[in-house]
$ cat query-v2.cif   # mmCIF, C-alpha atoms
data_work
loop_
_atom_site.label_atom_id
_atom_site.label_comp_id
_atom_site.auth_asym_id
_atom_site.auth_seq_id
_atom_site.Cartn_x
_atom_site.Cartn_y
_atom_site.Cartn_z
CA MET A 1 73.78 -12.50 34.32
CA THR A 2 74.69 -9.27 32.60
CA LYS A 3 74.86 -6.07 34.73
CA THR A 4 72.96 -3.02 33.57
CA PRO A 5 74.95 0.22 33.15
CA TRP A 6 73.43 1.93 36.16
CA GLN A 7 74.02 -0.86 38.62
CA SER A 8 76.89 -0.58 41.08
CA PRO A 9 79.72 -2.89 40.42
CA SER A 10 79.96 -3.54 44.14
CA PRO A 11 77.15 -4.19 46.65
CA ASN A 12 78.98 -1.92 49.21
CA GLY A 13 78.97 1.33 47.18
CA PHE A 14 76.44 4.15 46.35
CA THR A 15 75.25 5.32 43.06
CA LEU A 16 75.60 8.95 42.05
CA ILE A 17 71.86 9.38 42.26
CA GLU A 18 71.83 8.10 45.85
CA VAL A 19 74.62 10.50 46.83
CA VAL A 20 72.81 13.45 45.26
CA ILE A 21 69.56 12.54 47.02
CA ALA A 22 71.38 12.25 50.37
CA LEU A 23 73.05 15.63 49.91
CA VAL A 24 69.72 17.25 49.04
CA LEU A 25 68.10 15.76 52.13
CA VAL A 26 70.98 16.84 54.37
CA GLY A 27 70.79 20.34 52.90
CA LEU A 28 67.08 20.53 53.52
CA ILE A 29 67.48 19.35 57.10
CA MET A 30 70.33 21.78 57.79
CA GLY A 31 68.42 24.64 56.19
CA THR A 32 65.37 23.89 58.30
CA ALA A 33 67.49 23.63 61.43
CA LEU A 34 69.29 26.90 60.61
CA ASN A 35 66.01 28.73 60.02
CA LEU A 36 64.69 27.34 63.30
CA PHE A 37 67.85 28.44 65.09
CA ARG A 38 67.61 31.91 63.56
CA SER A 39 63.96 32.14 64.58
CA GLN A 40 64.74 31.03 68.12
CA SER A 41 67.70 33.42 68.31
CA SER A 42 65.53 36.30 67.12
CA SER A 43 62.79 35.39 69.61
CA PHE A 44 65.37 35.16 72.38
CA ARG A 45 66.82 38.55 71.45
CA VAL A 46 63.36 40.16 71.33
CA GLY A 47 62.43 38.50 74.61
CA SER A 48 65.70 39.62 76.14
CA THR A 49 65.16 43.26 75.17
CA LYS A 50 61.61 43.13 76.51
CA MET A 51 62.91 41.58 79.72
CA GLU A 52 65.39 44.45 80.09
CA ALA A 53 62.53 46.94 80.12
CA THR A 54 60.61 44.79 82.61
CA GLN A 55 63.61 44.41 84.90
CA ASN A 56 64.31 48.13 84.68
CA MET A 57 60.71 48.86 85.68
CA ARG A 58 60.72 46.36 88.53
CA PHE A 59 63.99 47.61 90.00
CA ALA A 60 63.03 51.29 89.85
CA LEU A 61 59.57 50.71 91.29
CA GLY A 62 60.79 48.22 93.90
CA THR A 63 63.41 50.65 95.20
CA ILE A 64 60.86 53.43 95.64
CA ASP A 65 58.18 51.15 97.08
CA ARG A 66 60.48 49.43 99.58
CA SER A 67 61.70 52.74 100.99
CA LEU A 68 58.48 54.77 100.80
CA ARG A 69 56.48 52.21 102.78
CA THR A 70 58.79 52.83 105.76
CA LEU A 71 57.97 56.55 105.83
CA GLY A 72 57.75 57.69 109.47
CA SER A 73 59.35 54.58 110.97
CA GLY A 74 61.73 55.26 113.84
CA THR A 75 61.20 59.04 113.89
CA THR A 76 61.21 60.97 117.14
CA SER A 77 57.98 62.38 118.53
CA ARG A 78 58.64 65.78 116.90
CA GLN A 79 60.32 64.80 113.64
CA PRO A 80 58.23 65.42 110.50
CA MET A 81 57.55 62.36 108.37
CA LEU A 82 56.65 63.57 104.88
CA VAL A 83 58.90 66.60 104.41
CA TYR A 84 58.17 67.57 100.81
CA GLY A 85 56.25 66.20 97.84
CA ALA A 86 56.09 67.49 94.28
CA ASN A 87 55.51 66.18 90.76
CA ASP A 88 59.03 64.82 90.42
CA VAL A 89 60.44 64.65 93.95
CA ILE A 90 59.50 63.24 97.35
CA VAL A 91 61.42 63.73 100.61
CA PHE A 92 60.64 61.91 103.85
CA ASN A 93 62.14 60.75 107.14
CA ALA A 94 62.43 57.09 108.10
CA ASN A 95 64.79 54.79 109.96
CA PHE A 96 65.18 52.70 106.83
CA ALA A 97 68.72 51.41 107.37
CA THR A 98 71.26 51.37 110.14
CA ASP A 99 74.91 50.46 110.55
CA THR A 100 74.33 49.00 114.03
CA ALA A 101 71.79 46.62 115.49
CA ASP A 102 69.71 49.38 117.11
CA GLY A 103 66.51 47.35 116.87
CA ASP A 104 64.43 50.02 115.10
CA ALA A 105 65.70 50.16 111.54
CA VAL A 106 64.06 48.16 108.80
CA TYR A 107 67.38 47.02 107.33
CA LEU A 108 70.86 46.46 108.76
CA ASN A 109 73.84 47.43 106.62
CA PRO A 110 77.17 47.48 108.52
CA ASP A 111 78.84 49.22 105.56
CA LEU A 112 76.71 52.35 105.77
CA PRO A 113 78.59 55.58 106.45
CA PRO A 114 77.63 56.92 109.92
CA ASN A 115 76.04 60.07 108.50
CA ALA A 116 73.61 57.93 106.47
CA ALA A 117 72.09 56.27 109.53
CA LEU A 118 71.26 59.32 111.68
CA SER A 119 69.13 62.41 111.20
CA MET A 120 70.89 65.48 109.91
CA THR A 121 71.49 68.52 112.05
CA THR A 122 71.41 72.17 111.07
CA ALA A 123 75.19 71.94 110.68
CA SER A 124 74.78 69.67 107.63
CA LEU A 125 71.92 70.87 105.45
CA MET A 126 70.64 69.37 102.22
CA THR A 127 68.89 71.26 99.44
CA ILE A 128 65.68 69.69 98.19
CA HIS A 129 66.02 68.88 94.49
CA GLY A 130 64.59 71.48 92.15
CA THR A 131 64.10 74.05 94.93
CA ALA A 132 66.06 76.49 97.06
CA ILE A 133 64.67 74.89 100.23
CA THR A 134 67.27 73.69 102.72
CA TYR A 135 66.51 71.03 105.31
CA PRO A 136 66.40 70.56 108.30
CA ASP A 137 65.61 73.83 110.03
CA THR A 138 65.98 72.33 113.51
CA ASN A 139 67.63 69.38 115.24
CA TYR A 140 65.76 66.20 116.22
CA TYR A 141 67.03 64.43 119.32
CA TRP A 142 65.81 61.58 121.48
CA GLY A 143 64.46 63.12 124.70
CA THR A 144 67.04 65.20 126.52
CA SER A 145 70.03 63.03 125.70
CA GLY A 146 71.23 65.08 122.74
CA THR A 147 71.37 61.87 120.66
CA PRO A 148 70.22 62.50 117.08
CA SER A 149 67.20 60.64 115.80
CA ARG A 150 68.08 57.50 113.88
CA ALA A 151 65.54 58.36 111.18
CA GLU A 152 67.45 59.64 108.17
CA THR A 153 66.09 61.85 105.39
CA ILE A 154 65.47 59.99 102.11
CA SER A 155 64.87 61.70 98.77
CA PHE A 156 63.75 60.27 95.45
CA TYR A 157 63.61 62.43 92.36
CA PHE A 158 63.44 62.15 88.58
CA GLU A 159 65.72 64.34 86.47
CA LEU A 160 66.46 64.56 82.75
CA ASP A 161 69.17 62.11 81.74
CA LEU A 162 71.65 64.10 79.68
CA SER A 163 73.76 61.01 78.98
CA THR A 164 71.35 59.82 76.25
CA SER A 165 70.18 61.34 72.98
CA ASN A 166 66.52 60.76 73.84
CA PRO A 167 65.03 64.04 75.14
CA SER A 168 62.36 62.07 77.00
CA ASP A 169 64.82 60.00 79.04
CA TYR A 170 64.85 60.53 82.79
CA ALA A 171 67.00 59.06 85.54
CA LEU A 172 65.69 58.09 88.97
CA MET A 173 68.00 59.34 91.72
CA GLN A 174 68.10 58.58 95.43
CA GLN A 175 69.73 60.74 98.11
CA VAL A 176 70.18 60.01 101.81
CA ASN A 177 70.69 63.05 104.05
CA ASP A 178 73.24 65.43 102.52
CA LEU A 179 75.26 62.65 100.87
CA ALA A 180 75.86 62.60 97.13
CA PRO A 181 72.82 61.40 95.14
CA GLU A 182 73.02 57.89 93.67
CA LEU A 183 71.62 56.59 90.39
CA VAL A 184 68.79 54.06 90.79
CA ALA A 185 67.67 53.56 87.18
CA ARG A 186 67.93 55.08 83.71
CA ASN A 187 65.77 54.88 80.57
CA LEU A 188 62.64 56.11 82.34
CA GLU A 189 60.08 58.30 80.60
CA PRO A 190 57.09 60.29 81.88
CA TYR A 191 53.75 58.52 82.09
CA PRO A 192 51.37 60.03 79.50
CA SER A 193 49.41 62.93 81.05
CA ARG A 194 50.58 62.16 84.61
CA PRO A 195 53.41 63.43 86.82
CA PHE A 196 55.90 61.00 88.32
CA PHE A 197 54.37 61.39 91.81
CA GLU A 198 50.74 62.00 92.79
CA PHE A 199 49.35 62.29 96.31
CA TRP A 200 46.13 61.25 98.06
CA TYR A 201 45.17 62.72 101.44
CA ASP A 202 42.63 61.98 104.17
CA SER A 203 39.53 64.16 104.16
CA THR A 204 36.47 64.15 106.43
CA LEU A 205 33.01 64.47 104.88
CA ALA A 206 30.12 66.32 106.48
CA SER A 207 28.79 62.91 107.52
CA GLY A 208 31.95 62.29 109.53
CA ASN A 209 33.20 59.57 107.17
CA ARG A 210 36.83 59.75 106.11
CA VAL A 211 37.77 59.40 102.46
CA SER A 212 40.94 59.72 100.40
CA ARG A 213 41.08 62.52 97.86
CA GLN A 214 43.67 63.25 95.23
CA MET A 215 45.57 66.48 95.71
CA SER A 216 44.88 68.97 92.98
CA ALA A 217 47.63 70.70 91.02
CA ALA A 218 47.06 73.82 93.12
CA MET A 219 47.93 71.87 96.29
CA ILE A 220 51.31 70.74 94.93
CA PRO A 221 54.02 70.97 96.14
CA VAL A 222 52.99 69.84 99.60
CA ARG A 223 55.44 70.66 102.38
CA HIS A 224 55.68 70.18 106.14
CA VAL A 225 56.41 73.80 107.02
CA ALA A 226 56.31 73.49 110.83
CA PRO A 227 59.64 72.33 112.31
CA PHE A 228 57.89 70.06 114.84
CA ASN A 229 55.33 67.42 114.01
CA GLY A 230 52.15 67.79 116.07
CA SER A 231 53.04 71.24 117.41
CA PRO A 232 50.50 74.10 117.51
CA ALA A 233 52.09 75.46 114.33
CA ASP A 234 51.54 72.14 112.55
CA THR A 235 48.38 73.28 110.78
CA ALA A 236 47.31 74.35 107.29
CA ALA A 237 50.04 73.32 104.82
CA SER A 238 51.87 71.23 107.40
CA ALA A 239 48.67 69.44 108.38
CA LEU A 240 48.05 68.73 104.70
CA ALA A 241 51.49 67.10 104.45
CA ASP A 242 50.66 65.02 107.54
CA SER A 243 47.44 63.80 105.94
CA VAL A 244 49.02 62.16 102.86
CA ARG A 245 48.18 58.46 103.00
CA ILE A 246 48.87 57.29 99.43
CA VAL A 247 51.54 58.15 96.89
CA ARG A 248 51.00 57.07 93.29
CA VAL A 249 54.15 56.45 91.24
CA ASN A 250 53.91 56.78 87.45
CA PHE A 251 56.55 56.24 84.77
CA VAL A 252 57.42 54.31 81.62
CA ALA A 253 60.47 52.04 81.74
CA THR A 254 62.27 51.30 78.45
CA ASN A 255 65.22 49.19 77.38
CA GLY A 256 67.01 52.24 75.98
CA LEU A 257 66.85 51.01 72.36
CA THR A 258 65.16 52.48 69.30
CA GLY A 259 63.50 51.03 66.22
CA PRO A 260 62.12 47.48 66.13
CA ASP A 261 64.19 46.48 69.16
CA ALA A 262 62.64 49.13 71.40
CA SER A 263 60.54 47.93 74.31
CA ALA A 264 58.67 49.74 77.08
CA ARG A 265 56.73 48.94 80.22
CA THR A 266 54.20 51.37 81.68
CA VAL A 267 53.65 51.41 85.44
CA SER A 268 51.24 53.31 87.68
CA THR A 269 50.91 51.98 91.20
CA MET A 270 49.76 53.13 94.62
CA VAL A 271 52.10 53.04 97.61
CA ALA A 272 50.44 53.35 101.04
CA THR A 273 51.97 55.58 103.74
CA PRO A 274 49.71 54.76 106.71
CA ASN A 275 52.15 55.99 109.39
CA ASN A 276 52.48 59.50 107.99
CA GLY A 277 51.51 62.22 110.45
CA LEU A 278 50.94 59.91 113.40
CA VAL A 279 52.52 61.60 116.40
CA LYS A 280 54.93 59.32 118.21
CA LEU A 281 54.25 58.83 121.91
CA ALA A 282 57.38 59.15 124.01
CA THR A 283 56.16 59.62 127.57
CA CYS A 284 58.36 61.86 129.69
CA GLY A 285 60.64 62.45 126.76
CA SER A 286 61.06 65.90 125.25
CA ARG A 287 60.24 69.15 126.98
CA PRO A 288 56.51 69.98 126.68
CA LEU A 289 55.42 72.58 124.17
CA LEU A 290 53.14 75.42 125.22
CA ALA A 291 52.04 78.10 122.78
CA ALA A 292 51.10 81.70 123.49
CA PRO A 293 49.00 83.69 124.11
CA LEU A 294 48.44 84.06 127.83
CA THR A 295 45.86 86.73 128.62
CA ALA A 296 45.60 88.36 132.04
CA THR A 297 42.49 90.33 133.07
CA PRO A 298 42.51 92.07 136.52
CA ASN A 299 39.55 92.14 138.86
CA ALA A 300 37.18 95.09 139.01
CA PRO A 301 38.23 97.94 141.34
CA GLY A 302 37.11 97.42 144.93
CA ASN A 303 37.16 93.60 144.74
CA PRO A 304 39.86 91.55 146.45
CA PRO A 305 43.04 91.64 144.31
CA SER A 306 42.85 88.86 141.73
CA VAL A 307 43.48 88.19 138.06
CA GLN A 308 41.86 85.97 135.43
CA LEU A 309 44.37 83.97 133.35
CA ILE A 310 43.37 82.20 130.13
CA TRP A 311 45.53 79.94 127.91
CA THR A 312 45.14 76.92 125.68
CA PRO A 313 46.48 73.49 126.65
CA SER A 314 49.90 72.25 125.73
CA VAL A 315 49.99 70.09 122.62
CA ASP A 316 51.53 67.40 124.84
CA GLU A 317 48.46 67.20 127.05
CA THR A 318 45.98 65.60 124.68
CA SER A 319 48.29 64.57 121.83
CA GLY A 320 52.00 64.39 121.17
CA GLU A 321 53.64 62.84 124.21
CA THR A 322 50.45 63.11 126.34
CA ASP A 323 52.57 63.49 129.48
CA VAL A 324 51.64 66.90 130.96
CA THR A 325 51.12 66.47 134.70
CA GLN A 326 50.49 70.09 135.72
CA TYR A 327 50.73 73.76 134.82
CA ASN A 328 52.83 76.11 136.93
CA VAL A 329 51.51 79.68 137.28
CA TYR A 330 53.96 82.50 138.06
CA ASN A 331 53.96 86.24 138.63
CA ARG A 332 56.49 89.00 139.17
CA VAL A 333 56.17 92.65 140.03
CA VAL A 334 57.32 94.93 137.21
CA PRO A 335 60.29 95.52 136.76
CA ALA A 336 61.52 92.44 138.73
CA THR A 337 63.27 89.65 136.77
CA ASP A 338 62.57 86.65 139.03
CA TRP A 339 59.32 84.70 138.82
CA GLU A 340 57.39 83.64 141.90
CA LEU A 341 55.15 80.58 141.89
CA MET A 342 51.49 81.46 142.43
CA GLY A 343 50.21 77.90 142.26
CA THR A 344 49.85 74.72 140.18
CA ILE A 345 46.91 73.62 138.04
CA PRO A 346 46.20 69.97 137.10
CA PRO A 347 45.55 69.19 133.42
CA GLY A 348 42.08 68.68 132.04
CA GLN A 349 40.67 72.06 130.96
CA ASN A 350 40.33 73.53 127.50
CA PRO A 351 40.85 76.42 127.55
CA TYR A 352 42.30 77.11 130.99
CA ASP A 353 40.37 79.92 132.68
CA ILE A 354 41.81 80.49 136.15
CA THR A 355 41.11 83.31 138.60
CA SER A 356 43.68 83.72 141.34
CA GLY A 357 44.54 86.32 143.91
CA ASN A 358 47.30 84.43 145.73
CA GLY A 359 49.76 87.07 146.97
CA LEU A 360 48.60 89.86 144.69
CA VAL A 361 48.64 93.44 145.97
CA ALA A 362 46.26 96.10 144.67
CA GLY A 363 48.03 99.04 143.05
CA GLN A 364 50.89 96.90 141.72
CA THR A 365 51.71 96.10 138.09
CA TYR A 366 52.45 92.42 137.44
CA GLU A 367 53.56 90.15 134.66
CA PHE A 368 52.19 86.59 134.66
CA ALA A 369 53.56 83.39 133.13
CA VAL A 370 52.52 79.76 132.76
CA GLY A 371 54.63 76.66 132.09
CA ALA A 372 53.56 73.09 131.26
CA GLN A 373 55.39 70.40 133.23
CA ASP A 374 55.72 66.69 132.44
CA CYS A 375 56.66 63.71 134.58
CA THR A 376 60.40 64.05 133.96
CA PRO A 377 59.86 66.69 135.42
CA ARG A 378 60.70 69.14 132.66
CA GLU A 379 58.94 72.43 132.09
CA SER A 380 58.06 74.09 128.82
CA THR A 381 59.27 77.50 127.86
CA LEU A 382 57.10 79.96 129.80
CA ILE A 383 54.36 81.84 128.00
CA GLN A 384 54.04 85.37 129.35
CA SER A 385 51.28 87.94 129.62
CA ALA A 386 51.53 91.67 129.08
CA ALA A 387 52.08 93.88 132.09
CA THR A 388 48.83 94.03 134.08
CA PHE A 389 47.85 96.62 136.69
CA ILE A 390 45.80 95.36 139.65
CA PRO A 391 43.37 98.20 140.55
CA PHE A 392 42.37 99.30 144.05
#
$ encode --input "query-v2.cif" --output "structure tokens"
Amino acid sequence: MTKTPWQSPSPNGFTLIEVVIALVLVGLIMGTALNLFRSQSSSFRVGSTKMEATQNMRFALGTIDRSLRTLGSGTTSRQPMLVYGANDVIVFNANFATDTADGDAVYLNPDLPPNAALSMTTASLMTIHGTAITYPDTNYYWGTSGTPSRAETISFYFELDLSTSNPSDYALMQQVNDLAPELVARNLEPYPSRPFFEFWYDSTLASGNRVSRQMSAAMIPVRHVAPFNGSPADTAASALADSVRIVRVNFVATNGLTGPDASARTVSTMVATPNNGLVKLATCGSRPLLAAPLTATPNAPGNPPSVQLIWTPSVDETSGETDVTQYNVYNRVVPATDWELMGTIPPGQNPYDITSGNGLVAGQTYEFAVGAQDCTPRESTLIQSAATFIPF
């Protein structure tokens, strides 16, 4: 049998045509695989950049949320809870972390510096970001022990990030007490048409129902002006700060890139602060608070010597520590410096309207004073009347 020219001389070899076909097929397979790899690599890169924005958003929001929900935890009976709130900053007190197992803190971190686990004193003030306000304006101790409260002051604020070329980039910062601020997250931008922080407060309708209302721009910033939570001075602006029950956090988290690789995640979420403004009960703890005025009105001439004394109850009688056991009533003849006890009055009146003539002498000028006493027993600072003449 004669072989044709295109037949292989050996049954174990390949023809040129077979080799070319094999190379073409291998090239097609490799090209397809390379295109698939490139597509997967591109998808992975795009997914990775999008994930960076998502992770940035989750970390920033989680840090704020985790801390803000503890607002008011572990504070003393007089320590304000929400200290200050504005469009880009919020300051509050909470026993968020401790360096010892004190049983009250939310988290235990043995590596905390000591001054990050206790309340500040007036010897170590912080300045609230973006303001000239220094805090605190008084010291907060547990009872009479002189031990500082374990509720530290926590601040979160957004500030322009000058480390990037994007003029819309902000950085989220966290500060504890008067320590140096720490960076939480970068590549954050303002939420369209919203500030970073918004506030909702409790309001009572004419029907008696309570609703939450958003604070208007005119009500911001909100600040706890009174040094003591629940004191007689804790009204108006301070009471408004105490009534905040929801904080809305708004921002846009990006991956810090531009062009087709840029990615962003928009977040607007409510964080509840249900403990804000609730006065802590610490029976027989701090000295009672009693606010002036004390009015003294003498009897009419010719009547037995007596005087009518009127004052409002201590804040610790029906709120606060609710531990007032009695009121002590004093007098002294002008210009004497020592007070003499006229009598004691049990709690339960509002206002107190007492007429007494115990030991008074007609024709004398007296000063009168009242002090609230708790079960320690500790007595409030005395409130004092003007000099009062007892007529004949």
$ resolve_selection --input "query-v2.cif" --expression "the PyMOL selection byres ((chain A and resi 159-163) around 9)" --output "list in words"
Asp88, Tyr157, Phe158, Thr164, Ser165, Asn166, Pro167, Ser168, Asp169, Tyr170, Ala171, Leu172, Met173, Arg186, Asn187 and Leu188 of chain A
$ closest_residue --input "query-v2.cif" --among "A:Ile133, A:Leu112, A:Ala105, A:Ala226" --to "Met81 of chain A" --atoms "all atoms listed in the file"
A:Ala226
$ residues_around --input "query-v2.cif" --residues "segment 243-259 of chain A" --least-positions-apart "2" --cutoff "9 Å" --atoms "all atoms listed in the file" --output "PyMOL selection string"
chain A and resi 49-58+60-61+64-65+68+82+164+166+169+186-192+194-203+212+214+238-241+261-277
$ closest_residue --input "query-v2.cif" --among "A:Pro313, A:Pro288, A:Gly27, A:Pro335" --to "Glu367 of chain A" --atoms "all atoms listed in the file"
A:Pro335
$ closest_residue --input "query-v2.cif" --among "A:Leu289, A:Leu125, A:Ala387, A:Ala362" --to "Ala336 of chain A" --atoms "all atoms listed in the file"
A:Ala387
$ closest_residue --input "query-v2.cif" --among "A:Thr32, A:Val324, A:Val329, A:Leu71" --to "Ile310 of chain A" --atoms "only C-alpha atoms"
A:Val329
$ axis_aligned_box --input "query-v2.cif" --around "segment 273-279 of chain A" --padding-each-side "4 Å" --output "JSON"
{"center_x": 51.1, "center_y": 58.5, "center_z": 110.1, "size_x": 10.8, "size_y": 15.5, "size_z": 20.7}
$ resolve_selection --input "query-v2.cif" --expression "the PyMOL selection byres ((chain A and resi 352) around 12)" --output "JSON, numbers by chain"
{"A": [293, 294, 295, 296, 308, 309, 310, 311, 312, 313, 314, 326, 327, 329, 345, 346, 347, 348, 349, 350, 351, 353, 354, 355, 370, 372]}
$ atom_distance --input "query-v2.cif" --atom1 "atom CA of Val184 of chain A" --atom2 "atom CA of Asn115 of chain A"
20.1 Å
$ atom_distance --input "query-v2.cif" --atom1 "atom CA of Gly130 of chain A" --atom2 "atom CA of Ser231 of chain A"
27.8 Å
$ resolve_selection --input "query-v2.cif" --expression "the PyMOL selection byres ((chain A and resi 116) around 9)" --output "JSON, numbers by chain"
{"A": [97, 98, 99, 112, 113, 114, 115, 117, 118, 119, 120, 152, 153, 176, 177, 178, 179]}
